[in-house]
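The structure under discussion appears below in the form of structure tokens.
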Amino acid sequence: MDKDPQTLSARLRRFMKQVAVMGGVLLLVALVLKLAGVHYNDALLTTGFGTLAIVAFMLGKIFPANSETPMAPIWNFAMTITGYSLASALIGLLFLMQHWPGSKTLLLLGLGSLLLSGAAWLFYFLRRNRQ
């Protein structure tokens, strides 16, 4: 087995993409079943949202910047903030769909931090175009 970090990183990316696709399919099936009025699809809905939230939480580790570029710290910060905020927004949506308490708080936290990550991405792209 090859221990090259680049190969391991490529394998991790490929695996996480497959996990994200499976979580998305589970979520779509659960949403269709919920719209159709099928009861007891809560486990499927929770699994789909949870899987996507875990993948979003790991965005900063899945897609790190090349450490040789001067913009790498800004890229890594923006990816990490984006992943955390997407994860909290997804969990907030799960809470909202399940009618659990705390859904509005999680959604506000997730969407507010998405604004912060948007500012970080704007800063990154403006600085990158300047160089």
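Each chain of the structure tokens is named A, B, ... in the order shown, its residues numbered from 1; ligands are numbered from 1 in display order.
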Residues within 8 Å of Leu45 in chain A, please, as a PyMOL selection string. Count only C-alpha atoms; anything in the same chain fewer than 4 positions from it doesn't count.
chain A and resi 26-27+30-31+41+49+94
Determine which residues of chain A receive a DSSP assignment of alpha helix (DSSP H), computed from the backbone, and state them as an MDAnalysis selection string.
chainID A and resid 5:35 42:57 59:62 72:98 103:130
Go ahead and write the selection's residues with C-alpha atoms as a compact mmCIF listing (two decimals), in the first residue's frame.
# COMPACT_ATOMS: atom_id res chain seq x y z
CA PRO A 5 0.34 11.76 1.19
CA GLN A 6 -0.91 12.96 -2.18
CA THR A 7 -2.35 9.54 -2.94
CA LEU A 8 -3.98 9.31 0.51
CA SER A 9 -5.46 12.77 0.08
CA ALA A 10 -6.85 11.83 -3.34
CA ARG A 11 -8.36 8.65 -1.87
CA LEU A 12 -9.92 10.61 0.98
CA ARG A 13 -11.45 13.09 -1.46
CA ARG A 14 -12.85 10.30 -3.62
CA PHE A 15 -14.27 8.49 -0.58
CA MET A 16 -15.86 11.66 0.84
CA LYS A 17 -17.42 12.46 -2.54
CA GLN A 18 -18.96 8.98 -2.58
CA VAL A 19 -20.23 9.43 0.98
CA ALA A 20 -21.71 12.82 0.05
CA VAL A 21 -23.50 11.32 -2.95
CA MET A 22 -24.92 8.50 -0.82
CA GLY A 23 -26.05 10.98 1.84
CA GLY A 24 -27.67 13.16 -0.80
CA VAL A 25 -29.53 10.20 -2.28
CA LEU A 26 -30.73 9.14 1.17
CA LEU A 27 -31.89 12.69 1.84
CA LEU A 28 -33.75 12.95 -1.46
CA VAL A 29 -35.51 9.62 -0.88
CA ALA A 30 -36.44 10.70 2.66
CA LEU A 31 -37.80 14.04 1.44
CA VAL A 32 -39.87 12.37 -1.27
CA LEU A 33 -41.27 9.92 1.28
CA LYS A 34 -42.04 12.78 3.68
CA LEU A 35 -43.85 14.71 0.93
CA ASP A 42 -37.33 9.88 10.42
CA ALA A 43 -34.29 7.59 10.57
CA LEU A 44 -33.70 7.97 6.84
CA LEU A 45 -34.06 11.74 7.07
CA THR A 46 -31.70 11.92 10.03
CA THR A 47 -29.13 9.70 8.31
CA GLY A 48 -29.19 11.77 5.12
CA PHE A 49 -28.85 15.12 6.89
CA GLY A 50 -26.26 13.71 9.29
CA THR A 51 -24.12 12.29 6.51
CA LEU A 52 -24.12 15.56 4.59
CA ALA A 53 -23.36 17.49 7.78
CA ILE A 54 -20.35 15.27 8.52
CA VAL A 55 -19.02 15.75 4.99
CA ALA A 56 -19.57 19.51 5.24
CA PHE A 57 -17.85 19.60 8.64
CA LEU A 59 -14.50 20.40 4.09
CA GLY A 60 -11.40 22.14 5.43
CA LYS A 61 -9.57 18.82 5.76
CA ILE A 62 -10.79 17.35 2.47
CA ALA A 72 -3.14 29.05 1.66
CA PRO A 73 -4.08 30.23 5.19
CA ILE A 74 -6.99 32.30 3.86
CA TRP A 75 -8.19 29.37 1.71
CA ASN A 76 -8.02 26.94 4.64
CA PHE A 77 -9.82 29.37 6.96
CA ALA A 78 -12.58 30.01 4.41
CA MET A 79 -13.07 26.28 3.72
CA THR A 80 -13.20 25.47 7.43
CA ILE A 81 -15.71 28.24 8.22
CA THR A 82 -17.82 27.24 5.22
CA GLY A 83 -17.85 23.61 6.31
CA TYR A 84 -18.78 24.40 9.90
CA SER A 85 -21.56 26.77 8.86
CA LEU A 86 -22.97 24.33 6.29
CA ALA A 87 -22.95 21.58 8.89
CA SER A 88 -24.81 23.71 11.43
CA ALA A 89 -27.31 24.86 8.79
CA LEU A 90 -27.95 21.24 7.74
CA ILE A 91 -28.47 20.16 11.33
CA GLY A 92 -30.78 23.15 11.79
CA LEU A 93 -32.80 22.02 8.76
CA LEU A 94 -32.99 18.54 10.23
CA PHE A 95 -34.26 19.95 13.52
CA LEU A 96 -36.78 22.09 11.63
CA MET A 97 -38.12 19.14 9.61
CA GLN A 98 -38.36 16.94 12.72
CA SER A 103 -34.06 24.60 15.05
CA LYS A 104 -34.30 28.37 14.65
CA THR A 105 -31.18 28.91 16.72
CA LEU A 106 -29.18 26.43 14.67
CA LEU A 107 -30.43 27.90 11.41
CA LEU A 108 -29.55 31.42 12.50
CA LEU A 109 -26.12 30.27 13.62
CA GLY A 110 -25.52 28.42 10.37
CA LEU A 111 -26.74 31.17 8.08
CA GLY A 112 -24.93 33.86 10.07
CA SER A 113 -21.67 31.98 9.84
CA LEU A 114 -22.29 31.45 6.12
CA LEU A 115 -22.25 35.25 5.84
CA LEU A 116 -18.89 35.25 7.61
CA SER A 117 -17.57 32.57 5.27
CA GLY A 118 -18.85 34.57 2.30
CA ALA A 119 -16.82 37.53 3.53
CA ALA A 120 -13.76 35.26 3.87
CA TRP A 121 -14.24 33.98 0.31
CA LEU A 122 -14.67 37.53 -0.98
CA PHE A 123 -11.43 38.54 0.73
CA TYR A 124 -9.67 35.48 -0.74
CA PHE A 125 -10.80 36.12 -4.31
CA LEU A 126 -10.05 39.84 -4.16
CA ARG A 127 -6.54 39.18 -2.81
CA ARG A 128 -5.92 36.40 -5.32
CA ASN A 129 -6.88 38.59 -8.28
CA ARG A 130 -4.56 41.31 -7.02
